[in-house]
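Asks: Supplied structure: query-v3.pdb, PDB, C-alpha atoms.
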MODEL        1
ATOM      1  CA  MET A   1      54.243  94.484  57.747
ATOM      2  CA  THR A   2      55.721  92.487  60.621
ATOM      3  CA  ASP A   3      59.339  92.470  61.531
ATOM      4  CA  SER A   4      61.222  89.362  60.516
ATOM      5  CA  PRO A   5      62.647  87.307  63.368
ATOM      6  CA  SER A   6      66.176  88.164  64.412
ATOM      7  CA  THR A   7      68.910  85.886  63.177
ATOM      8  CA  ARG A   8      71.591  87.287  65.500
ATOM      9  CA  LYS A   9      73.459  84.752  67.566
ATOM     10  CA  GLY A  10      74.630  85.265  71.104
ATOM     11  CA  HIS A  11      73.338  85.822  74.604
ATOM     12  CA  VAL A  12      70.493  88.175  75.433
ATOM     13  CA  GLY A  13      72.836  90.121  77.738
ATOM     14  CA  SER A  14      75.019  90.981  74.743
ATOM     15  CA  LEU A  15      72.176  92.926  73.078
ATOM     16  CA  ALA A  16      71.847  96.641  73.653
ATOM     17  CA  ALA A  17      68.476  98.368  74.075
ATOM     18  CA  ASP A  18      68.220  99.019  70.319
ATOM     19  CA  GLY A  19      68.843  95.374  69.481
ATOM     20  CA  SER A  20      72.412  95.848  68.307
ATOM     21  CA  VAL A  21      75.174  93.572  69.514
ATOM     22  CA  ARG A  22      77.148  95.049  72.385
ATOM     23  CA  ALA A  23      80.880  94.399  72.637
ATOM     24  CA  PRO A  24      81.609  91.898  75.407
ATOM     25  CA  TYR A  25      83.105  93.269  78.608
ATOM     26  CA  ARG A  26      86.781  92.428  78.825
ATOM     27  CA  PRO A  27      88.386  93.446  82.127
ATOM     28  CA  GLY A  28      91.846  92.990  80.637
ATOM     29  CA  HIS A  29      91.189  95.679  78.041
ATOM     30  CA  THR A  30      90.168  98.422  80.468
ATOM     31  CA  LEU A  31      92.464 101.397  81.182
ATOM     32  CA  PRO A  32      95.247 100.565  78.685
ATOM     33  CA  LEU A  33      98.750 101.600  79.661
ATOM     34  CA  ARG A  34      98.935 103.932  76.664
ATOM     35  CA  VAL A  35      95.850 105.833  77.807
ATOM     36  CA  GLU A  36      97.111 106.149  81.391
ATOM     37  CA  LEU A  37     100.569 107.211  80.207
ATOM     38  CA  VAL A  38      99.130 109.947  78.000
ATOM     39  CA  ARG A  39      96.941 111.142  80.877
ATOM     40  CA  GLN A  40      99.936 111.418  83.195
ATOM     41  CA  LEU A  41     102.207 113.040  80.599
ATOM     42  CA  GLU A  42      99.611 115.747  80.016
ATOM     43  CA  ARG A  43      99.544 116.676  83.693
ATOM     44  CA  ARG A  44     101.403 119.817  84.726
ATOM     45  CA  ARG A  45     103.135 118.127  87.687
ATOM     46  CA  THR A  46     104.738 115.579  85.343
ATOM     47  CA  GLN A  47     106.029 118.278  83.037
ATOM     48  CA  VAL A  48     107.342 120.367  85.946
ATOM     49  CA  ALA A  49     109.067 117.356  87.533
ATOM     50  CA  PHE A  50     110.865 116.428  84.311
ATOM     51  CA  GLY A  51     111.723 120.076  83.713
ATOM     52  CA  LEU A  52     113.330 120.477  87.155
ATOM     53  CA  VAL A  53     115.317 117.256  86.777
ATOM     54  CA  ALA A  54     116.605 118.349  83.374
ATOM     55  CA  LEU A  55     117.412 121.876  84.605
ATOM     56  CA  LEU A  56     119.360 120.823  87.702
ATOM     57  CA  PRO A  57     122.662 120.076  85.877
ATOM     58  CA  ILE A  58     122.401 123.403  84.061
ATOM     59  CA  ILE A  59     121.764 125.205  87.366
ATOM     60  CA  LEU A  60     124.785 123.480  88.913
ATOM     61  CA  TRP A  61     126.960 124.478  85.954
ATOM     62  CA  ILE A  62     125.830 128.115  86.270
ATOM     63  CA  ALA A  63     126.570 128.015  90.006
ATOM     64  CA  PHE A  64     130.074 126.711  89.289
ATOM     65  CA  GLN A  65     130.618 129.481  86.761
ATOM     66  CA  LEU A  66     129.549 132.130  89.245
ATOM     67  CA  SER A  67     131.643 130.737  92.097
ATOM     68  CA  SER A  68     135.118 132.053  92.798
ATOM     69  CA  ASP A  69     138.066 129.962  91.640
ATOM     70  CA  ASP A  70     140.322 131.441  94.335
ATOM     71  CA  SER A  71     139.350 129.086  97.141
ATOM     72  CA  PRO A  72     141.668 129.072 100.178
ATOM     73  CA  GLY A  73     143.770 126.015 100.967
ATOM     74  CA  THR A  74     145.352 123.410  98.778
ATOM     75  CA  SER A  75     143.038 120.442  99.432
ATOM     76  CA  LEU A  76     140.883 119.236  96.567
ATOM     77  CA  ASN A  77     137.172 119.536  97.336
ATOM     78  CA  LEU A  78     134.143 117.981  95.627
ATOM     79  CA  VAL A  79     133.471 121.081  93.518
ATOM     80  CA  ASP A  80     137.020 120.990  92.174
ATOM     81  CA  LEU A  81     136.544 117.310  91.315
ATOM     82  CA  ALA A  82     133.240 118.080  89.624
ATOM     83  CA  LYS A  83     134.987 120.498  87.292
ATOM     84  CA  GLY A  84     137.572 117.900  86.316
ATOM     85  CA  SER A  85     135.552 116.186  83.577
ATOM     86  CA  GLY A  86     132.057 115.547  82.300
ATOM     87  CA  THR A  87     131.763 112.293  84.233
ATOM     88  CA  ASN A  88     132.923 113.929  87.453
ATOM     89  CA  PHE A  89     130.267 116.587  86.970
ATOM     90  CA  ALA A  90     127.593 113.903  86.455
ATOM     91  CA  VAL A  91     128.683 112.115  89.640
ATOM     92  CA  PHE A  92     128.449 115.370  91.594
ATOM     93  CA  ALA A  93     124.952 116.038  90.208
ATOM     94  CA  LEU A  94     123.852 112.564  91.281
ATOM     95  CA  PHE A  95     125.322 113.016  94.758
ATOM     96  CA  ALA A  96     123.601 116.392  95.107
ATOM     97  CA  SER A  97     120.165 115.140  94.101
ATOM     98  CA  ALA A  98     119.831 111.485  95.139
ATOM     99  CA  GLY A  99     119.172 112.195  98.811
ATOM    100  CA  PHE A 100     116.218 114.530  98.360
ATOM    101  CA  LEU A 101     115.228 115.707  94.875
ATOM    102  CA  LEU A 102     114.991 112.246  93.338
ATOM    103  CA  VAL A 103     113.150 111.000  96.436
ATOM    104  CA  VAL A 104     110.577 113.750  95.930
ATOM    105  CA  VAL A 105     110.201 112.868  92.237
ATOM    106  CA  VAL A 106     109.500 109.187  92.968
ATOM    107  CA  ALA A 107     107.167 110.036  95.860
ATOM    108  CA  LEU A 108     105.336 112.506  93.618
ATOM    109  CA  PHE A 109     104.654 110.052  90.804
ATOM    110  CA  PHE A 110     103.499 107.250  93.124
ATOM    111  CA  GLY A 111     101.917 109.211  95.969
ATOM    112  CA  ASP A 112      99.846 111.362  93.653
ATOM    113  CA  THR A 113      98.614 108.633  91.313
ATOM    114  CA  VAL A 114      95.502 107.356  93.161
ATOM    115  CA  ALA A 115      94.971 110.131  95.705
ATOM    116  CA  SER A 116      94.701 112.732  92.943
ATOM    117  CA  GLU A 117      91.883 110.759  91.293
ATOM    118  CA  ALA A 118      90.076 110.657  94.643
ATOM    119  CA  SER A 119      90.596 114.387  95.221
ATOM    120  CA  TRP A 120      89.126 115.105  91.776
ATOM    121  CA  SER A 121      86.151 112.789  92.517
ATOM    122  CA  SER A 122      87.024 110.787  89.404
ATOM    123  CA  LEU A 123      88.168 107.578  91.098
ATOM    124  CA  ARG A 124      84.660 106.183  91.532
ATOM    125  CA  TYR A 125      83.891 106.856  87.862
ATOM    126  CA  LEU A 126      86.979 104.897  86.814
ATOM    127  CA  LEU A 127      85.865 101.983  88.974
ATOM    128  CA  ALA A 128      82.335 102.251  87.610
ATOM    129  CA  ALA A 129      83.607 102.008  84.001
ATOM    130  CA  PRO A 130      84.169  99.281  85.282
ATOM    131  CA  VAL A 131      87.927  98.937  85.754
ATOM    132  CA  PRO A 132      88.838  96.133  88.196
ATOM    133  CA  ARG A 133      90.534  97.577  91.265
ATOM    134  CA  ALA A 134      93.583  95.348  91.015
ATOM    135  CA  ARG A 135      94.078  96.303  87.366
ATOM    136  CA  LEU A 136      93.596 100.017  88.022
ATOM    137  CA  LEU A 137      96.219  99.976  90.775
ATOM    138  CA  ARG A 138      98.601  97.901  88.652
ATOM    139  CA  GLN A 139      98.278 100.110  85.577
ATOM    140  CA  LYS A 140      98.840 103.261  87.588
ATOM    141  CA  ALA A 141     101.836 101.725  89.370
ATOM    142  CA  ILE A 142     103.416 100.624  86.077
ATOM    143  CA  VAL A 143     103.038 104.082  84.532
ATOM    144  CA  ALA A 144     104.313 105.772  87.697
ATOM    145  CA  GLY A 145     107.289 103.405  87.688
ATOM    146  CA  PHE A 146     108.058 104.164  84.049
ATOM    147  CA  LEU A 147     107.920 107.923  84.652
ATOM    148  CA  SER A 148     110.073 107.635  87.784
ATOM    149  CA  LEU A 149     112.723 105.564  86.004
ATOM    150  CA  ALA A 150     112.730 107.977  83.064
ATOM    151  CA  ALA A 151     113.209 110.964  85.384
ATOM    152  CA  LEU A 152     115.941 109.247  87.403
ATOM    153  CA  LEU A 153     117.894 108.334  84.265
ATOM    154  CA  LEU A 154     117.290 111.743  82.703
ATOM    155  CA  LEU A 155     119.371 113.428  85.398
ATOM    156  CA  PRO A 156     122.682 111.585  84.811
ATOM    157  CA  ILE A 157     122.184 111.688  81.042
ATOM    158  CA  VAL A 158     121.681 115.462  80.984
ATOM    159  CA  ALA A 159     124.480 115.911  83.522
ATOM    160  CA  LEU A 160     126.830 113.903  81.299
ATOM    161  CA  ILE A 161     125.933 116.046  78.290
ATOM    162  CA  VAL A 162     126.267 119.354  80.154
ATOM    163  CA  GLY A 163     129.434 118.276  81.950
ATOM    164  CA  THR A 164     131.071 116.976  78.779
ATOM    165  CA  LEU A 165     130.350 120.195  76.910
ATOM    166  CA  ALA A 166     131.633 122.277  79.827
ATOM    167  CA  TYR A 167     134.577 120.250  81.148
ATOM    168  CA  GLY A 168     135.527 117.805  78.412
ATOM    169  CA  THR A 169     136.003 114.053  78.190
ATOM    170  CA  GLY A 170     138.732 113.594  80.753
ATOM    171  CA  ASP A 171     139.014 110.636  83.098
ATOM    172  CA  LEU A 172     136.749 110.248  86.073
ATOM    173  CA  VAL A 173     138.778 110.825  89.251
ATOM    174  CA  SER A 174     137.256 109.582  92.507
ATOM    175  CA  PRO A 175     137.941 111.200  95.920
ATOM    176  CA  THR A 176     140.240 108.232  96.691
ATOM    177  CA  GLY A 177     142.425 109.021  93.694
ATOM    178  CA  GLU A 178     141.308 106.160  91.425
ATOM    179  CA  SER A 179     140.541 107.018  87.807
ATOM    180  CA  LEU A 180     138.411 105.598  85.000
ATOM    181  CA  THR A 181     138.370 106.405  81.313
ATOM    182  CA  TYR A 182     135.504 108.513  80.014
ATOM    183  CA  GLY A 183     133.711 105.626  78.297
ATOM    184  CA  ALA A 184     133.903 103.317  81.310
ATOM    185  CA  ALA A 185     132.941 106.128  83.674
ATOM    186  CA  ALA A 186     129.891 107.086  81.607
ATOM    187  CA  GLY A 187     128.651 103.506  81.834
ATOM    188  CA  ARG A 188     129.247 103.501  85.608
ATOM    189  CA  VAL A 189     127.258 106.726  85.983
ATOM    190  CA  LEU A 190     124.285 105.218  84.168
ATOM    191  CA  LEU A 191     124.562 102.099  86.346
ATOM    192  CA  ALA A 192     124.542 104.389  89.363
ATOM    193  CA  GLY A 193     121.296 105.932  88.131
ATOM    194  CA  ILE A 194     119.761 102.468  87.825
ATOM    195  CA  TYR A 195     120.895 101.581  91.350
ATOM    196  CA  VAL A 196     119.349 104.789  92.718
ATOM    197  CA  ALA A 197     116.083 103.841  91.013
ATOM    198  CA  LEU A 198     116.173 100.367  92.605
ATOM    199  CA  SER A 199     117.071 101.781  96.014
ATOM    200  CA  LEU A 200     114.020 104.060  95.850
ATOM    201  CA  LEU A 201     111.574 101.222  95.186
ATOM    202  CA  TRP A 202     110.537 101.313  98.834
ATOM    203  CA  VAL A 203     109.706 105.039  98.524
ATOM    204  CA  ALA A 204     107.568 104.242  95.468
ATOM    205  CA  ALA A 205     105.708 101.467  97.286
ATOM    206  CA  LEU A 206     105.176 103.570 100.415
ATOM    207  CA  GLY A 207     103.919 106.462  98.294
ATOM    208  CA  LEU A 208     101.435 104.144  96.570
ATOM    209  CA  LEU A 209     100.265 102.764  99.919
ATOM    210  CA  LEU A 210      99.700 106.253 101.311
ATOM    211  CA  SER A 211      97.986 107.213  98.061
ATOM    212  CA  VAL A 212      95.291 104.568  98.542
ATOM    213  CA  VAL A 213      94.955 105.313 102.257
ATOM    214  CA  THR A 214      94.349 109.054 101.919
ATOM    215  CA  ASP A 215      92.494 111.244  99.449
ATOM    216  CA  ALA A 216      95.035 114.062  99.899
ATOM    217  CA  PRO A 217      97.850 113.854  97.303
ATOM    218  CA  LEU A 218     100.140 116.159  99.282
ATOM    219  CA  GLY A 219      99.714 113.966 102.343
ATOM    220  CA  ALA A 220     100.752 110.844 100.425
ATOM    221  CA  VAL A 221     103.740 112.522  98.758
ATOM    222  CA  GLY A 222     104.825 114.293 101.944
ATOM    223  CA  GLY A 223     104.489 111.139 104.020
ATOM    224  CA  ALA A 224     106.806 109.167 101.737
ATOM    225  CA  VAL A 225     109.370 111.980 101.646
ATOM    226  CA  MET A 226     109.196 112.410 105.422
ATOM    227  CA  ALA A 227     109.788 108.679 105.942
ATOM    228  CA  SER A 228     112.927 108.927 103.808
ATOM    229  CA  ILE A 229     114.192 111.956 105.738
ATOM    230  CA  VAL A 230     113.585 110.284 109.119
ATOM    231  CA  SER A 231     115.375 107.151 107.934
ATOM    232  CA  GLN A 232     118.374 109.207 106.776
ATOM    233  CA  ILE A 233     118.511 111.007 110.137
ATOM    234  CA  LEU A 234     118.359 107.741 112.101
ATOM    235  CA  ASP A 235     121.104 106.332 109.897
ATOM    236  CA  GLN A 236     123.432 109.068 111.179
ATOM    237  CA  ILE A 237     122.961 108.035 114.819
ATOM    238  CA  THR A 238     125.941 105.789 115.473
ATOM    239  CA  ALA A 239     124.488 104.679 118.812
ATOM    240  CA  LEU A 240     122.038 102.502 116.887
ATOM    241  CA  GLU A 241     125.000 100.451 115.655
ATOM    242  CA  ASN A 242     123.901  97.414 113.604
ATOM    243  CA  LEU A 243     120.239  98.410 113.765
ATOM    244  CA  ARG A 244     121.024 100.992 111.088
ATOM    245  CA  ASN A 245     121.571  98.153 108.601
ATOM    246  CA  TYR A 246     117.827  97.557 108.593
ATOM    247  CA  LEU A 247     116.945 101.123 107.647
ATOM    248  CA  PRO A 248     115.769 101.449 104.018
ATOM    249  CA  THR A 249     118.185 104.320 103.357
ATOM    250  CA  HIS A 250     121.281 102.741 104.924
ATOM    251  CA  TYR A 251     122.672 101.659 101.541
ATOM    252  CA  ALA A 252     121.379 104.668  99.581
ATOM    253  CA  THR A 253     124.883 105.856  98.660
ATOM    254  CA  ALA A 254     126.309 102.389  97.971
ATOM    255  CA  TRP A 255     126.400 103.280  94.274
ATOM    256  CA  SER A 256     129.614 105.194  95.005
ATOM    257  CA  ASP A 257     131.342 101.781  94.931
ATOM    258  CA  LEU A 258     130.849 101.923  91.165
ATOM    259  CA  LEU A 259     133.475 104.667  91.006
ATOM    260  CA  ALA A 260     136.272 102.307  92.025
ATOM    261  CA  THR A 261     138.416 100.459  89.531
ATOM    262  CA  GLN A 262     137.349  97.140  91.054
ATOM    263  CA  ILE A 263     133.643  97.219  91.915
ATOM    264  CA  ASP A 264     132.545  95.884  95.296
ATOM    265  CA  TRP A 265     128.974  94.668  94.812
ATOM    266  CA  GLY A 266     128.370  93.737  98.468
ATOM    267  CA  ASP A 267     126.697  96.908  99.749
ATOM    268  CA  MET A 268     124.773  97.443  96.509
ATOM    269  CA  THR A 269     123.394  93.908  96.656
ATOM    270  CA  SER A 270     122.318  94.455 100.255
ATOM    271  CA  GLY A 271     120.778  97.794  99.310
ATOM    272  CA  VAL A 272     118.724  96.342  96.470
ATOM    273  CA  PHE A 273     117.565  93.433  98.630
ATOM    274  CA  SER A 274     116.545  95.789 101.448
ATOM    275  CA  SER A 275     114.652  98.107  99.116
ATOM    276  CA  VAL A 276     112.861  95.249  97.332
ATOM    277  CA  ALA A 277     111.888  93.667 100.658
ATOM    278  CA  PHE A 278     110.349  96.899 101.974
ATOM    279  CA  ALA A 279     108.706  97.543  98.604
ATOM    280  CA  ALA A 280     107.100  94.085  98.523
ATOM    281  CA  ILE A 281     105.525  94.694 101.934
ATOM    282  CA  PHE A 282     104.237  98.156 101.029
ATOM    283  CA  PHE A 283     102.953  97.117  97.582
ATOM    284  CA  ALA A 284     101.102  94.157  99.098
ATOM    285  CA  ALA A 285      99.610  96.401 101.787
ATOM    286  CA  ALA A 286      98.532  98.920  99.117
ATOM    287  CA  ALA A 287      96.791  96.228  97.051
ATOM    288  CA  PHE A 288      95.106  94.767 100.160
ATOM    289  CA  ARG A 289      93.888  98.198 101.329
ATOM    290  CA  PHE A 290      92.664  99.308  97.910
ATOM    291  CA  GLN A 291      90.634  96.137  97.373
ATOM    292  CA  ARG A 292      88.730  96.841 100.587
ATOM    293  CA  LYS A 293      88.574 100.612 100.474
ATOM    294  CA  ASP A 294      85.176 102.254 100.418
ATOM    295  CA  VAL A 295      85.533 104.626  97.464
ATOM    296  CA  THR A 296      83.135 107.544  97.835
ATOM    297  CA  SER A 297      84.966 110.195  95.807
TER
ENDMDL
END
How would this structure read if it were set down as structure tokens?

Replies:
Amino acid sequence: MTDSPSTRKGHVGSLAADGSVRAPYRPGHTLPLRVELVRQLERRRTQVAFGLVALLPIILWIAFQLSSDDSPGTSLNLVDLAKGSGTNFAVFALFASAGFLLVVVVALFFGDTVASEASWSSLRYLLAAPVPRARLLRQKAIVAGFLSLAALLLLPIVALIVGTLAYGTGDLVSPTGESLTYGAAAGRVLLAGIYVALSLLWVAALGLLLSVVTDAPLGAVGGAVMASIVSQILDQITALENLRNYLPTHYATAWSDLLATQIDWGDMTSGVFSSVAFAAIFFAAAAFRFQRKDVTS
């Protein structure tokens, strides 16, 4: 008995070895965001990073409880202000963490994203799937950005909850003596968290660039953090005068303008523009380098 002729329609390349129809290759369907997000959420470094961010306000509260209330002098210090209300406590937590801890978190999520795949020798298998290089870098950057934003907003949210439970819903009092109601201050604190996230875009882009340049995750993360530290140190050198305005960290604390009754958006606008400009350069360099990188691991 002879086999009847096939009545399947399509191209020969769409047929598998057993004669069945193979699903067409669709580059836009490779490495879905959901799959990459689940992969990153299951990693221990993601869980530890979110855990540390969530624990910081609790650690600060415990430190305040253990500290002595009989401080010499009559001047009001930042710790005294932090104990004034839940919003004051959240502002203190943001001040204490924005310069280093949150920088490390953003550098970790972006600097580790591609370099870790290379260190595990799994990057070439992802590209052989095949996932287009531009799409792979974009998907990883989007997920890293989502995780970074979630971590950066988690800190003020937890700090507001802890501070409110510990110190009540009093007005926010700034070091200059201005005050805001609890509801308005809570909104300002969340806006401050968003500004910090925008001001750290350049750290994210630099971390991603270093991640595609090196196969060592710690090198990529450490390089981005070190760049931030050097920029902060240079910003303290008054001899540089106006040159400091071009440093990516010069406007890092501009979010403190949100604590005033009348918000001055000037420095925050300059800070966002500076961060976005640096980020655009670093993201473009990362995409250019990754497209031409010889992936052997």

Asks: What is the distance, in Å and to one decimal place, between CA of Thr169 (chain A) and CA of Gly187 (chain A)?

Replies: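 That distance, rounded to one decimal, is 13.4 Å.
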
Asks: Counting only C-alpha atoms, note down every residue that has an atom within 12 Å of the point (142.9, 109.1, 95.2) (file coordinates), as a PyMOL selection string.

Replies: chain A and resi 76+81+172-180+259-261

Asks: How about saving the chosen residues, C-alpha atoms kept, as a PDB file, in the frame of the given file?

Replies:
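And here's result.pdb as it stands now:
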ATOM      1  CA  LEU A  76     140.883 119.236  96.567  1.00  0.00           C
ATOM      2  CA  LEU A  81     136.544 117.310  91.315  1.00  0.00           C
ATOM      3  CA  LEU A 172     136.749 110.248  86.073  1.00  0.00           C
ATOM      4  CA  VAL A 173     138.778 110.825  89.251  1.00  0.00           C
ATOM      5  CA  SER A 174     137.256 109.582  92.507  1.00  0.00           C
ATOM      6  CA  PRO A 175     137.941 111.200  95.920  1.00  0.00           C
ATOM      7  CA  THR A 176     140.240 108.232  96.691  1.00  0.00           C
ATOM      8  CA  GLY A 177     142.425 109.021  93.694  1.00  0.00           C
ATOM      9  CA  GLU A 178     141.308 106.160  91.425  1.00  0.00           C
ATOM     10  CA  SER A 179     140.541 107.018  87.807  1.00  0.00           C
ATOM     11  CA  LEU A 180     138.411 105.598  85.000  1.00  0.00           C
ATOM     12  CA  LEU A 259     133.475 104.667  91.006  1.00  0.00           C
ATOM     13  CA  ALA A 260     136.272 102.307  92.025  1.00  0.00           C
ATOM     14  CA  THR A 261     138.416 100.459  89.531  1.00  0.00           C
TER      15      THR A 261
END

Asks: Given only C-alpha atoms as the basis, pick out the residue of A:Ser275, A:Thr249, A:Thr214, A:Thr164 nearest to Trp61 (chain A).

Replies: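 Among the listed residues, A:Thr164 lies closest to Trp61 (chain A).
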
Asks: Take the PyMOL selection byres ((chain A and resi 238-247) around 12), apply it to the structure above, and return the hits as a ChimeraX atom specification.

Replies: /A:199,202,227-237,248-252,267,270-271,273-275,277-278

Asks: Enter the distance from CA of Arg43 (chain A) to CA of Phe109 (chain A), in Å, rounded to one decimal.

Replies: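 Interatomic distance here is 11.0 Å.
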
Asks: Take CA of Ile59 (chain A) and CA of Ala98 (chain A) and report the distance between them in Å, one decimal.

Replies: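 Separating CA of Ile59 (chain A) from CA of Ala98 (chain A) is a distance of 15.9 Å.
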
Asks: Smallest atom-to-atom distance to Ala224 (chain A): which of A:Ala63, A:Leu137, A:Ala96, A:Val203, using only C-alpha atoms?

Replies: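 Using only C-alpha atoms, the shortest distance to Ala224 (chain A) belongs to A:Val203.
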
Asks: What lies within 12 Å of Phe89 (chain A) using only C-alpha atoms, ignoring chain neighbours under 3 positions off, as a PyMOL selection string?

Replies: chain A and resi 56-58+60-61+64+78-86+92-96+155-174+182+185-186+189

Asks: Would you write out those residues with C-alpha atoms, as a CSV table (one decimal), in the coordinates of the input?

Replies:
chain,number,residue,atom,x,y,z
A,56,LEU,CA,119.4,120.8,87.7
A,57,PRO,CA,122.7,120.1,85.9
A,58,ILE,CA,122.4,123.4,84.1
A,60,LEU,CA,124.8,123.5,88.9
A,61,TRP,CA,127.0,124.5,86.0
A,64,PHE,CA,130.1,126.7,89.3
A,78,LEU,CA,134.1,118.0,95.6
A,79,VAL,CA,133.5,121.1,93.5
A,80,ASP,CA,137.0,121.0,92.2
A,81,LEU,CA,136.5,117.3,91.3
A,82,ALA,CA,133.2,118.1,89.6
A,83,LYS,CA,135.0,120.5,87.3
A,84,GLY,CA,137.6,117.9,86.3
A,85,SER,CA,135.6,116.2,83.6
A,86,GLY,CA,132.1,115.5,82.3
A,92,PHE,CA,128.4,115.4,91.6
A,93,ALA,CA,125.0,116.0,90.2
A,94,LEU,CA,123.9,112.6,91.3
A,95,PHE,CA,125.3,113.0,94.8
A,96,ALA,CA,123.6,116.4,95.1
A,155,LEU,CA,119.4,113.4,85.4
A,156,PRO,CA,122.7,111.6,84.8
A,157,ILE,CA,122.2,111.7,81.0
A,158,VAL,CA,121.7,115.5,81.0
A,159,ALA,CA,124.5,115.9,83.5
A,160,LEU,CA,126.8,113.9,81.3
A,161,ILE,CA,125.9,116.0,78.3
A,162,VAL,CA,126.3,119.4,80.2
A,163,GLY,CA,129.4,118.3,82.0
A,164,THR,CA,131.1,117.0,78.8
A,165,LEU,CA,130.4,120.2,76.9
A,166,ALA,CA,131.6,122.3,79.8
A,167,TYR,CA,134.6,120.2,81.1
A,168,GLY,CA,135.5,117.8,78.4
A,169,THR,CA,136.0,114.1,78.2
A,170,GLY,CA,138.7,113.6,80.8
A,171,ASP,CA,139.0,110.6,83.1
A,172,LEU,CA,136.7,110.2,86.1
A,173,VAL,CA,138.8,110.8,89.3
A,174,SER,CA,137.3,109.6,92.5
A,182,TYR,CA,135.5,108.5,80.0
A,185,ALA,CA,132.9,106.1,83.7
A,186,ALA,CA,129.9,107.1,81.6
A,189,VAL,CA,127.3,106.7,86.0

Asks: My list of candidates is A:Gly111, A:Gly193, A:Gly222, A:Pro32. Which is closest to Arg138 (chain A) when distances are computed with all atoms listed in the file?

Replies: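 The answer is A:Pro32, which sits nearest to Arg138 (chain A).
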
Asks: Show which residues sit within 9 Å of Leu258 (chain A), as a count of residues only. Count only C-alpha atoms, and ignore same-chain residues fewer than 4 positions away.

Replies: 10

Asks: Rank nothing, just name the residue among A:Ile142, A:Val53, A:Val272, A:Leu206 nearest to Leu154 (chain A), using only C-alpha atoms.

Replies: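 Closest residue, counting only C-alpha atoms: A:Val53.
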
Asks: Please provide the set of residues having any atom within 12 Å of Arg34 (chain A), restricted to all atoms listed in the file, with same-chain residues fewer than 3 positions apart removed, written as a list in words.

Replies: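 My reading of the contact set: His29, Thr30, Leu31, Leu37, Val38, Arg39, Gln40, Leu41, Gln139, Lys140, Ile142, Val143 and Phe146 of chain A.
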
Asks: Between A:Pro132, A:Gly183, A:Pro217, A:Gly266, which has the minimum distance to Gln291 (chain A) (counting only C-alpha atoms)?

Replies: A:Pro132

Asks: If you apply the PyMOL selection byres ((chain A and resi 286) around 10) to this file, what residues do you get, as an MDAnalysis selection string?

Replies: chainID A and resid 137 205:213 280:285 287:291

Asks: Nearest residue to Ser256 (chain A) out of A:Arg44, A:Val91, A:Thr181, A:Ser122, using only C-alpha atoms?

Replies: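 Comparing A:Arg44, A:Val91, A:Thr181, A:Ser122 against Ser256 (chain A), the winner is A:Val91.
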